[in-house]
>>> print(open('protein_19.cif').read())   # mmCIF, C-alpha atoms
data_structure
#
loop_
_atom_site.group_PDB
_atom_site.id
_atom_site.type_symbol
_atom_site.label_atom_id
_atom_site.label_comp_id
_atom_site.auth_asym_id
_atom_site.auth_seq_id
_atom_site.Cartn_x
_atom_site.Cartn_y
_atom_site.Cartn_z
ATOM 1 C CA MET A 4 37.372 40.104 8.803
ATOM 2 C CA LYS A 5 36.935 43.849 9.165
ATOM 3 C CA LEU A 6 34.073 45.596 7.367
ATOM 4 C CA ASN A 7 36.411 47.851 5.331
ATOM 5 C CA THR A 8 38.459 44.839 4.256
ATOM 6 C CA ALA A 9 35.316 42.949 3.243
ATOM 7 C CA ARG A 10 34.159 45.923 1.191
ATOM 8 C CA ARG A 11 37.550 46.073 -0.522
ATOM 9 C CA HIS A 12 37.338 42.373 -1.446
ATOM 10 C CA VAL A 13 33.832 42.781 -2.896
ATOM 11 C CA ARG A 14 34.899 45.907 -4.828
ATOM 12 C CA GLU A 15 37.984 44.204 -6.267
ATOM 13 C CA GLY A 16 36.056 41.039 -7.149
ATOM 14 C CA THR A 17 33.456 43.123 -8.979
ATOM 15 C CA LYS A 18 36.185 45.061 -10.823
ATOM 16 C CA ASN A 19 37.759 41.796 -11.952
ATOM 17 C CA ILE A 20 34.461 40.767 -13.549
ATOM 18 C CA VAL A 21 34.264 44.078 -15.439
ATOM 19 C CA ARG A 22 37.958 44.024 -16.487
ATOM 20 C CA ASN A 23 37.636 40.556 -18.013
ATOM 21 C CA SER A 24 34.195 41.155 -19.474
ATOM 22 C CA TRP A 25 34.443 38.760 -22.417
ATOM 23 C CA MET A 26 35.796 35.878 -20.379
ATOM 24 C CA THR A 27 33.239 36.677 -17.696
ATOM 25 C CA VAL A 28 30.449 36.461 -20.269
ATOM 26 C CA ALA A 29 31.845 33.118 -21.464
ATOM 27 C CA SER A 30 32.042 31.746 -17.920
ATOM 28 C CA VAL A 31 28.619 33.030 -16.911
ATOM 29 C CA GLY A 32 27.253 31.569 -20.148
ATOM 30 C CA ALA A 33 28.824 28.219 -19.309
ATOM 31 C CA VAL A 34 27.332 28.295 -15.820
ATOM 32 C CA THR A 35 23.951 29.312 -17.262
ATOM 33 C CA THR A 36 23.938 26.497 -19.811
ATOM 34 C CA THR A 37 25.105 24.017 -17.197
ATOM 35 C CA LEU A 38 22.491 25.039 -14.649
ATOM 36 C CA VAL A 39 19.675 24.992 -17.223
ATOM 37 C CA LEU A 40 20.532 21.353 -17.978
ATOM 38 C CA VAL A 41 21.052 20.591 -14.288
ATOM 39 C CA GLY A 42 17.722 22.239 -13.443
ATOM 40 C CA ILE A 43 15.861 20.214 -16.066
ATOM 41 C CA PHE A 44 17.535 17.008 -14.917
ATOM 42 C CA LEU A 45 16.902 17.754 -11.225
ATOM 43 C CA THR A 46 13.249 18.482 -12.002
ATOM 44 C CA LEU A 47 12.974 15.154 -13.810
ATOM 45 C CA MET A 48 14.748 13.262 -11.029
ATOM 46 C CA LEU A 49 12.660 14.813 -8.249
ATOM 47 C CA ASN A 50 9.432 13.970 -10.056
ATOM 48 C CA LEU A 51 10.660 10.442 -10.810
ATOM 49 C CA ASN A 52 11.360 10.033 -7.102
ATOM 50 C CA GLN A 53 7.842 11.288 -6.388
ATOM 51 C CA LEU A 54 6.432 8.792 -8.914
ATOM 52 C CA ALA A 55 8.417 5.956 -7.337
ATOM 53 C CA GLN A 56 7.227 7.024 -3.888
ATOM 54 C CA ASN A 57 3.604 7.093 -5.063
ATOM 55 C CA ILE A 58 3.920 3.571 -6.446
ATOM 56 C CA GLU A 59 5.697 2.344 -3.314
ATOM 57 C CA ASP A 60 2.887 3.777 -1.180
ATOM 58 C CA GLU A 61 0.387 1.707 -3.161
ATOM 59 C CA VAL A 62 2.332 -1.546 -2.782
ATOM 60 C CA GLN A 63 0.699 -3.959 -0.368
ATOM 61 C CA MET A 64 0.933 -7.587 0.653
ATOM 62 C CA ASN A 65 -2.182 -9.765 0.632
ATOM 63 C CA VAL A 66 -2.144 -12.539 3.232
ATOM 64 C CA TYR A 67 -4.863 -15.088 2.364
ATOM 65 C CA ILE A 68 -6.483 -16.736 5.356
ATOM 66 C CA GLU A 69 -7.327 -20.456 5.309
ATOM 67 C CA LEU A 70 -11.003 -21.062 4.560
ATOM 68 C CA THR A 71 -11.315 -23.247 7.656
ATOM 69 C CA ALA A 72 -9.719 -20.743 10.044
ATOM 70 C CA THR A 73 -11.763 -19.811 13.119
ATOM 71 C CA GLN A 74 -12.245 -16.266 14.358
ATOM 72 C CA GLU A 75 -9.813 -16.952 17.188
ATOM 73 C CA GLU A 76 -7.156 -18.152 14.725
ATOM 74 C CA MET A 77 -7.693 -15.062 12.541
ATOM 75 C CA ASP A 78 -7.324 -12.748 15.528
ATOM 76 C CA GLU A 79 -4.102 -14.505 16.524
ATOM 77 C CA LEU A 80 -2.783 -14.302 12.958
ATOM 78 C CA GLU A 81 -3.519 -10.563 12.794
ATOM 79 C CA GLU A 82 -1.659 -10.036 16.069
ATOM 80 C CA ASN A 83 1.340 -12.060 14.859
ATOM 81 C CA ILE A 84 1.541 -10.154 11.566
ATOM 82 C CA SER A 85 1.323 -6.759 13.286
ATOM 83 C CA GLN A 86 4.334 -7.714 15.439
ATOM 84 C CA VAL A 87 6.585 -8.405 12.433
ATOM 85 C CA PRO A 88 9.287 -5.694 12.183
ATOM 86 C CA ASN A 89 8.585 -2.875 9.677
ATOM 87 C CA VAL A 90 4.869 -3.706 9.363
ATOM 88 C CA THR A 91 2.934 -0.436 9.684
ATOM 89 C CA SER A 92 -0.660 -1.635 9.286
ATOM 90 C CA VAL A 93 -2.749 -4.798 9.022
ATOM 91 C CA GLU A 94 -6.256 -4.387 7.594
ATOM 92 C CA PHE A 95 -8.880 -7.134 7.342
ATOM 93 C CA SER A 96 -10.791 -7.536 4.089
ATOM 94 C CA SER A 97 -13.591 -10.121 3.954
ATOM 95 C CA LYS A 98 -14.066 -12.411 0.987
ATOM 96 C CA GLU A 99 -17.224 -10.443 0.111
ATOM 97 C CA GLU A 100 -15.203 -7.241 -0.077
ATOM 98 C CA GLU A 101 -12.563 -8.994 -2.178
ATOM 99 C CA LEU A 102 -15.240 -10.168 -4.611
ATOM 100 C CA ASP A 103 -16.650 -6.638 -4.862
ATOM 101 C CA LYS A 104 -13.156 -5.401 -5.812
ATOM 102 C CA LEU A 105 -12.875 -8.078 -8.512
ATOM 103 C CA VAL A 106 -16.303 -7.223 -9.903
ATOM 104 C CA GLU A 107 -15.319 -3.545 -10.016
ATOM 105 C CA ASP A 108 -12.036 -4.306 -11.806
ATOM 106 C CA MET A 109 -13.012 -7.234 -14.036
ATOM 107 C CA GLY A 110 -16.698 -6.756 -14.798
ATOM 108 C CA GLU A 111 -20.181 -7.734 -13.682
ATOM 109 C CA GLU A 112 -19.762 -11.307 -14.965
ATOM 110 C CA LEU A 113 -17.946 -12.183 -11.737
ATOM 111 C CA ALA A 114 -21.030 -11.218 -9.719
ATOM 112 C CA LEU A 115 -22.307 -14.741 -10.473
ATOM 113 C CA PHE A 116 -19.994 -15.977 -7.711
ATOM 114 C CA GLU A 117 -21.813 -14.032 -5.002
ATOM 115 C CA GLN A 118 -23.884 -17.044 -3.947
ATOM 116 C CA ASN A 119 -20.874 -19.337 -3.821
ATOM 117 C CA ASN A 120 -17.889 -17.095 -3.150
ATOM 118 C CA PRO A 121 -14.633 -19.067 -3.662
ATOM 119 C CA LEU A 122 -12.326 -16.310 -2.363
ATOM 120 C CA ASN A 123 -10.427 -16.130 0.922
ATOM 121 C CA ASP A 124 -10.622 -13.561 3.643
ATOM 122 C CA VAL A 125 -7.515 -11.406 3.433
ATOM 123 C CA PHE A 126 -5.228 -9.376 5.661
ATOM 124 C CA ILE A 127 -3.836 -6.402 3.727
ATOM 125 C CA VAL A 128 -0.358 -5.658 5.066
ATOM 126 C CA LYS A 129 1.543 -2.394 4.597
ATOM 127 C CA ALA A 130 5.279 -1.945 5.231
ATOM 128 C CA GLU A 131 7.382 1.153 5.910
ATOM 129 C CA GLU A 132 9.309 0.766 2.633
ATOM 130 C CA ALA A 133 8.867 -1.364 -0.484
ATOM 131 C CA ASN A 134 12.197 -3.171 -0.049
ATOM 132 C CA GLN A 135 11.021 -4.597 3.287
ATOM 133 C CA TYR A 136 8.247 -6.802 1.892
ATOM 134 C CA LYS A 137 10.627 -9.611 0.999
ATOM 135 C CA ASN A 138 11.687 -10.092 4.635
ATOM 136 C CA ILE A 139 8.094 -9.800 5.830
ATOM 137 C CA LEU A 140 7.049 -12.430 3.275
ATOM 138 C CA GLY A 141 9.477 -14.969 4.701
ATOM 139 C CA GLN A 142 8.061 -14.583 8.218
ATOM 140 C CA VAL A 143 4.358 -14.439 7.353
ATOM 141 C CA THR A 144 4.321 -17.550 5.152
ATOM 142 C CA GLU A 145 5.416 -19.651 8.150
ATOM 143 C CA MET A 146 2.471 -18.566 10.330
ATOM 144 C CA ASP A 147 -0.532 -20.742 11.122
ATOM 145 C CA ALA A 148 -3.831 -20.185 9.263
ATOM 146 C CA VAL A 149 -2.044 -18.665 6.255
ATOM 147 C CA ASP A 150 -3.240 -20.110 2.933
ATOM 148 C CA GLY A 151 -0.927 -17.983 0.772
ATOM 149 C CA VAL A 152 0.805 -14.634 0.455
ATOM 150 C CA ASN A 153 0.949 -12.387 -2.580
ATOM 151 C CA TYR A 154 2.589 -9.088 -3.429
ATOM 152 C CA SER A 155 3.999 -7.660 -6.660
ATOM 153 C CA GLN A 156 7.565 -8.759 -5.926
ATOM 154 C CA ASN A 157 8.887 -8.418 -9.473
ATOM 155 C CA THR A 158 7.233 -5.028 -9.946
ATOM 156 C CA VAL A 159 8.608 -3.727 -6.663
ATOM 157 C CA GLU A 160 12.135 -4.965 -7.358
ATOM 158 C CA ARG A 161 12.136 -3.517 -10.883
ATOM 159 C CA LEU A 162 10.848 -0.207 -9.546
ATOM 160 C CA LEU A 163 13.586 -0.046 -6.918
ATOM 161 C CA ASP A 164 16.253 -0.976 -9.499
ATOM 162 C CA PHE A 165 14.998 1.615 -11.977
ATOM 163 C CA ASN A 166 14.915 4.334 -9.334
ATOM 164 C CA ARG A 167 18.434 3.452 -8.153
ATOM 165 C CA TYR A 168 19.971 3.377 -11.659
ATOM 166 C CA ALA A 169 18.191 6.601 -12.662
ATOM 167 C CA ARG A 170 19.643 8.288 -9.590
ATOM 168 C CA TYR A 171 23.176 7.047 -10.400
ATOM 169 C CA ILE A 172 22.947 8.179 -14.025
ATOM 170 C CA GLY A 173 21.561 11.559 -12.955
ATOM 171 C CA ILE A 174 24.340 12.131 -10.436
ATOM 172 C CA ALA A 175 27.012 11.195 -13.014
ATOM 173 C CA PHE A 176 25.481 13.488 -15.654
ATOM 174 C CA ILE A 177 25.161 16.430 -13.264
ATOM 175 C CA GLY A 178 28.717 15.843 -12.001
ATOM 176 C CA ALA A 179 30.096 16.012 -15.559
ATOM 177 C CA LEU A 180 28.243 19.276 -16.226
ATOM 178 C CA LEU A 181 29.498 20.828 -12.998
ATOM 179 C CA LEU A 182 33.109 19.879 -13.757
ATOM 180 C CA THR A 183 32.820 21.550 -17.163
ATOM 181 C CA ALA A 184 31.532 24.795 -15.639
ATOM 182 C CA ILE A 185 34.193 24.740 -12.899
ATOM 183 C CA PHE A 186 36.897 24.308 -15.545
ATOM 184 C CA LEU A 187 35.687 27.350 -17.516
ATOM 185 C CA ILE A 188 35.439 29.586 -14.455
ATOM 186 C CA SER A 189 38.858 28.379 -13.331
ATOM 187 C CA ASN A 190 40.355 29.435 -16.668
ATOM 188 C CA THR A 191 38.753 32.891 -16.425
ATOM 189 C CA ILE A 192 40.165 33.531 -12.970
ATOM 190 C CA ARG A 193 43.524 32.068 -14.012
ATOM 191 C CA MET A 194 43.779 34.717 -16.759
ATOM 192 C CA THR A 195 42.948 37.407 -14.194
ATOM 193 C CA ILE A 196 45.735 36.165 -11.923
ATOM 194 C CA VAL A 197 48.269 36.068 -14.777
ATOM 195 C CA ALA A 198 47.303 39.586 -15.902
ATOM 196 C CA ARG A 199 47.743 40.920 -12.372
ATOM 197 C CA SER A 200 50.841 38.895 -11.463
ATOM 198 C CA GLU A 201 53.037 41.998 -11.175
ATOM 199 C CA GLU A 202 50.502 43.769 -8.960
ATOM 200 C CA ILE A 203 50.168 40.663 -6.786
ATOM 201 C CA SER A 204 53.942 40.418 -6.444
ATOM 202 C CA ILE A 205 54.090 44.020 -5.225
ATOM 203 C CA MET A 206 51.322 43.325 -2.718
ATOM 204 C CA LYS A 207 53.302 40.364 -1.393
ATOM 205 C CA LEU A 208 56.442 42.490 -1.079
ATOM 206 C CA VAL A 209 54.643 45.048 1.083
ATOM 207 C CA GLY A 210 53.407 42.300 3.410
ATOM 208 C CA ALA A 211 49.968 41.303 2.076
ATOM 209 C CA LYS A 212 48.866 37.866 3.280
ATOM 210 C CA ASN A 213 47.830 35.129 0.850
ATOM 211 C CA SER A 214 44.271 35.241 2.194
ATOM 212 C CA PHE A 215 44.081 38.998 1.481
ATOM 213 C CA ILE A 216 45.094 38.355 -2.126
ATOM 214 C CA ARG A 217 42.828 35.353 -2.611
ATOM 215 C CA TRP A 218 39.537 36.794 -1.297
ATOM 216 C CA PRO A 219 38.762 39.063 -4.316
ATOM 217 C CA PHE A 220 39.083 36.026 -6.588
ATOM 218 C CA PHE A 221 36.698 34.036 -4.392
ATOM 219 C CA VAL A 222 34.230 36.926 -4.560
ATOM 220 C CA GLU A 223 34.650 37.046 -8.347
ATOM 221 C CA GLY A 224 33.912 33.352 -8.685
ATOM 222 C CA MET A 225 30.909 33.559 -6.362
ATOM 223 C CA LEU A 226 29.454 36.497 -8.314
ATOM 224 C CA MET A 227 29.843 34.621 -11.603
ATOM 225 C CA GLY A 228 28.032 31.667 -10.052
ATOM 226 C CA VAL A 229 25.187 33.872 -8.830
ATOM 227 C CA LEU A 230 24.874 35.650 -12.195
ATOM 228 C CA GLY A 231 24.908 32.321 -13.994
ATOM 229 C CA SER A 232 22.061 30.954 -11.841
ATOM 230 C CA ILE A 233 19.542 33.768 -12.477
ATOM 231 C CA ILE A 234 18.482 32.744 -16.001
ATOM 232 C CA PRO A 235 18.304 28.974 -15.247
ATOM 233 C CA ILE A 236 16.109 29.567 -12.190
ATOM 234 C CA THR A 237 13.795 31.800 -14.242
ATOM 235 C CA LEU A 238 13.556 29.346 -17.159
ATOM 236 C CA VAL A 239 13.074 26.243 -15.018
ATOM 237 C CA LEU A 240 10.403 27.854 -12.841
ATOM 238 C CA ALA A 241 8.534 29.306 -15.835
ATOM 239 C CA GLY A 242 8.591 25.979 -17.658
ATOM 240 C CA TYR A 243 7.556 23.986 -14.598
ATOM 241 C CA TYR A 244 4.757 26.424 -13.745
ATOM 242 C CA TYR A 245 3.362 26.042 -17.265
ATOM 243 C CA LEU A 246 3.486 22.234 -17.023
ATOM 244 C CA TYR A 247 1.933 22.211 -13.565
ATOM 245 C CA GLU A 248 -0.918 24.556 -14.483
ATOM 246 C CA ASN A 249 -1.694 23.280 -17.988
ATOM 247 C CA VAL A 250 -0.544 19.668 -18.237
ATOM 248 C CA ASN A 251 -0.751 18.172 -14.750
ATOM 249 C CA ASP A 252 -4.566 17.968 -14.694
ATOM 250 C CA GLN A 253 -4.600 16.277 -18.097
ATOM 251 C CA ILE A 254 -2.331 13.418 -17.015
ATOM 252 C CA SER A 255 -4.505 10.352 -16.531
ATOM 253 C CA ILE A 256 -1.734 7.826 -15.862
ATOM 254 C CA PRO A 257 -2.062 6.245 -12.386
ATOM 255 C CA PHE A 258 0.453 7.425 -9.763
ATOM 256 C CA VAL A 259 1.781 10.181 -12.096
ATOM 257 C CA ASP A 260 1.352 13.513 -10.369
ATOM 258 C CA LEU A 261 3.764 16.453 -10.606
ATOM 259 C CA LEU A 262 5.212 17.878 -7.410
ATOM 260 C CA PRO A 263 3.265 20.961 -6.216
ATOM 261 C CA PHE A 264 4.753 24.187 -7.605
ATOM 262 C CA ASN A 265 5.161 25.469 -4.061
ATOM 263 C CA PRO A 266 7.416 24.407 -2.283
ATOM 264 C CA PHE A 267 9.098 22.927 -5.404
ATOM 265 C CA ALA A 268 9.886 26.440 -6.702
ATOM 266 C CA TRP A 269 11.780 27.360 -3.535
ATOM 267 C CA GLN A 270 13.601 24.039 -3.388
ATOM 268 C CA ILE A 271 14.833 24.098 -6.995
ATOM 269 C CA SER A 272 15.735 27.816 -6.783
ATOM 270 C CA LEU A 273 17.871 27.326 -3.678
ATOM 271 C CA LEU A 274 19.461 24.212 -5.183
ATOM 272 C CA LEU A 275 20.433 25.969 -8.424
ATOM 273 C CA LEU A 276 21.640 29.076 -6.599
ATOM 274 C CA GLY A 277 23.694 26.941 -4.222
ATOM 275 C CA ILE A 278 25.166 24.915 -7.094
ATOM 276 C CA GLY A 279 26.011 28.142 -8.969
ATOM 277 C CA VAL A 280 27.804 29.613 -5.952
ATOM 278 C CA PHE A 281 29.608 26.300 -5.362
ATOM 279 C CA ILE A 282 30.765 26.156 -8.999
ATOM 280 C CA GLY A 283 32.063 29.727 -8.847
ATOM 281 C CA ILE A 284 33.885 29.410 -5.537
ATOM 282 C CA TRP A 285 35.364 26.012 -6.351
ATOM 283 C CA GLY A 286 36.592 27.282 -9.713
ATOM 284 C CA SER A 287 38.285 30.143 -7.870
ATOM 285 C CA VAL A 288 39.848 27.788 -5.340
ATOM 286 C CA MET A 289 41.294 25.633 -8.107
ATOM 287 C CA SER A 290 42.742 28.656 -9.939
ATOM 288 C CA VAL A 291 44.247 30.289 -6.885
ATOM 289 C CA ARG A 292 45.753 27.044 -5.632
ATOM 290 C CA LYS A 293 47.380 26.193 -8.965
ATOM 291 C CA PHE A 294 48.349 29.568 -10.394
ATOM 292 C CA LEU A 295 48.873 32.024 -7.549
ATOM 293 C CA LYS A 296 52.646 31.623 -7.444
ATOM 294 C CA VAL A 297 53.958 34.773 -5.817
#
>>> encode(input="protein_19.cif", output="structure tokens")
Amino acid sequence: MKLNTARRHVREGTKNIVRNSWMTVASVGAVTTTLVLVGIFLTLMLNLNQLAQNIEDEVQMNVYIELTATQEEMDELEENISQVPNVTSVEFSSKEEELDKLVEDMGEELALFEQNNPLNDVFIVKAEEANQYKNILGQVTEMDAVDGVNYSQNTVERLLDFNRYARYIGIAFIGALLLTAIFLISNTIRMTIVARSEEISIMKLVGAKNSFIRWPFFVEGMLMGVLGSIIPITLVLAGYYYLYENVNDQISIPFVDLLPFNPFAWQISLLLLGIGVFIGIWGSVMSVRKFLKV
């Protein structure tokens, strides 16, 4: 595309926005409202994913070693566990260390067991992902010198289910909002096309190609998307910055930690800007395809 032609398309697209000022305001308002809700929902979803990831990182499998196991048998067991697919680390924890953890969690009363410690030595196993523990469990329980295996299976499965359903609901909600905004922009550009139908017909008669006629409308839609993304980006970033600076340090719930403002600010800004441009251009495409009958 030649530079002069590109300038003409941008100029005409900008003029269209000014000519249809009230409908433009309505469309930009719809995009703004949509992207504010999308931004809030994306912020929630990204932080929920971070929460789920934090919890998954803390999930571990405890492999209890038989009390009668020799050092040679323990070394062999550690080697066998480390060779199981998707196992990332195997750490030994003595029964004394396990008792210290219980005393720290449950209280000094358990210190009475120090002279006659009933606990097992343990291998603490970490996997690449939380959904891999179930397969690892099936292999480890069959190994020699294993007295038992424990990991929070129900908690892990519920966490994975919750994260999956939350993602599905979020995608459906965002999709519905985007369709609404696309519909409104499509109607705005449709009115522009109808109002200029005679002019477009003349352009066709003198040999103008369809692409030459369509480009100003694409530019118009893109500009409406960009304009509609400015306020949502500002509001979402301001709100998130306030939460991160004033609320994050006061959260005392385990695993709950907001994503750092940077690079989150860049990520959410680019996402909202990209969604705004997509909404605008797609709304233009729909209008031109359906109503540019020349």
>>> atom_distance(input="protein_19.cif", atom1="CA of Met225 in chain A", atom2="CA of Phe281 in chain A")
7.4 Å
>>> residues_around(input="protein_19.cif", residues="Gln270 in chain A", least_positions_apart="2", cutoff="12 Å", atoms="only C-alpha atoms", output="ChimeraX atom specification")
/A:42,45-46,49,236,239-240,262-268,272-277
>>> write_last_selection(input="protein_19.cif", atoms="C-alpha atoms", output="tab-separated table (two decimals), in the coordinates of the input")
chain	number	residue	atom	x	y	z
A	42	GLY	CA	17.72	22.24	-13.44
A	45	LEU	CA	16.90	17.75	-11.22
A	46	THR	CA	13.25	18.48	-12.00
A	49	LEU	CA	12.66	14.81	-8.25
A	236	ILE	CA	16.11	29.57	-12.19
A	239	VAL	CA	13.07	26.24	-15.02
A	240	LEU	CA	10.40	27.85	-12.84
A	262	LEU	CA	5.21	17.88	-7.41
A	263	PRO	CA	3.26	20.96	-6.22
A	264	PHE	CA	4.75	24.19	-7.60
A	265	ASN	CA	5.16	25.47	-4.06
A	266	PRO	CA	7.42	24.41	-2.28
A	267	PHE	CA	9.10	22.93	-5.40
A	268	ALA	CA	9.89	26.44	-6.70
A	272	SER	CA	15.74	27.82	-6.78
A	273	LEU	CA	17.87	27.33	-3.68
A	274	LEU	CA	19.46	24.21	-5.18
A	275	LEU	CA	20.43	25.97	-8.42
A	276	LEU	CA	21.64	29.08	-6.60
A	277	GLY	CA	23.69	26.94	-4.22
>>> closest_residue(input="protein_19.cif", among="A:Ile282, A:Leu226, A:Val209, A:Pro121", to="Val28 in chain A", atoms="all atoms listed in the file")
A:Leu226
>>> resolve_selection(input="protein_19.cif", expression="the PyMOL selection byres ((chain A and resi 40) around 12)", output="list of chain:residue names")
A:Ala33, A:Val34, A:Thr35, A:Thr36, A:Thr37, A:Leu38, A:Val39, A:Val41, A:Gly42, A:Ile43, A:Phe44, A:Leu45, A:Thr46, A:Leu47, A:Gly173, A:Phe176, A:Ile177, A:Gly178, A:Ala179, A:Leu180, A:Leu181, A:Ala184, A:Ser232, A:Ile234, A:Pro235, A:Ile236, A:Leu238, A:Val239, A:Leu275
>>> resolve_selection(input="protein_19.cif", expression="the PyMOL selection byres ((chain A and resi 227) around 9)", output="PyMOL selection string")
chain A and resi 20+27-28+30-31+34+188+222-226+228-232+279-280+282-284
>>> residues_near_point(input="protein_19.cif", point="(4.5, -0.4, -2.1)", cutoff="8 Å", atoms="all atoms listed in the file", output="count of residues only")
11
>>> closest_residue(input="protein_19.cif", among="A:Leu51, A:Ala169, A:Met77, A:Met64", to="Lys137 in chain A", atoms="only C-alpha atoms")
A:Met64
>>> atom_distance(input="protein_19.cif", atom1="CA of Trp285 in chain A", atom2="CA of Ser189 in chain A")
8.2 Å
>>> closest_residue(input="protein_19.cif", among="A:Val90, A:Met289, A:Leu54, A:Val143", to="Leu162 in chain A", atoms="only C-alpha atoms")
A:Leu54
>>> closest_residue(input="protein_19.cif", among="A:Asn166, A:Ser155, A:Thr144, A:Ser287", to="Met48 in chain A", atoms="all atoms listed in the file")
A:Asn166
>>> closest_residue(input="protein_19.cif", among="A:Thr183, A:Gln53, A:Asn138, A:Asn249", to="Pro88 in chain A", atoms="all atoms listed in the file")
A:Asn138
>>> residues_around(input="protein_19.cif", residues="Glu69 in chain A", least_positions_apart="6", cutoff="8 Å", atoms="only C-alpha atoms", output="mmCIF file with C-alpha atoms, in the coordinates of the input")
data_model
loop_
_atom_site.group_PDB
_atom_site.id
_atom_site.type_symbol
_atom_site.label_atom_id
_atom_site.label_comp_id
_atom_site.auth_asym_id
_atom_site.auth_seq_id
_atom_site.Cartn_x
_atom_site.Cartn_y
_atom_site.Cartn_z
ATOM 1 C CA ASN A 123 -10.427 -16.130 0.922
ATOM 2 C CA ASP A 124 -10.622 -13.561 3.643
ATOM 3 C CA ALA A 148 -3.831 -20.185 9.263
ATOM 4 C CA VAL A 149 -2.044 -18.665 6.255
ATOM 5 C CA ASP A 150 -3.240 -20.110 2.933
#
>>> atom_distance(input="protein_19.cif", atom1="CA of Leu80 in chain A", atom2="CA of Lys98 in chain A")
16.6 Å
>>> closest_residue(input="protein_19.cif", among="A:Ser92, A:Asn83, A:Arg10, A:Leu163", to="Glu145 in chain A", atoms="only C-alpha atoms")
A:Asn83
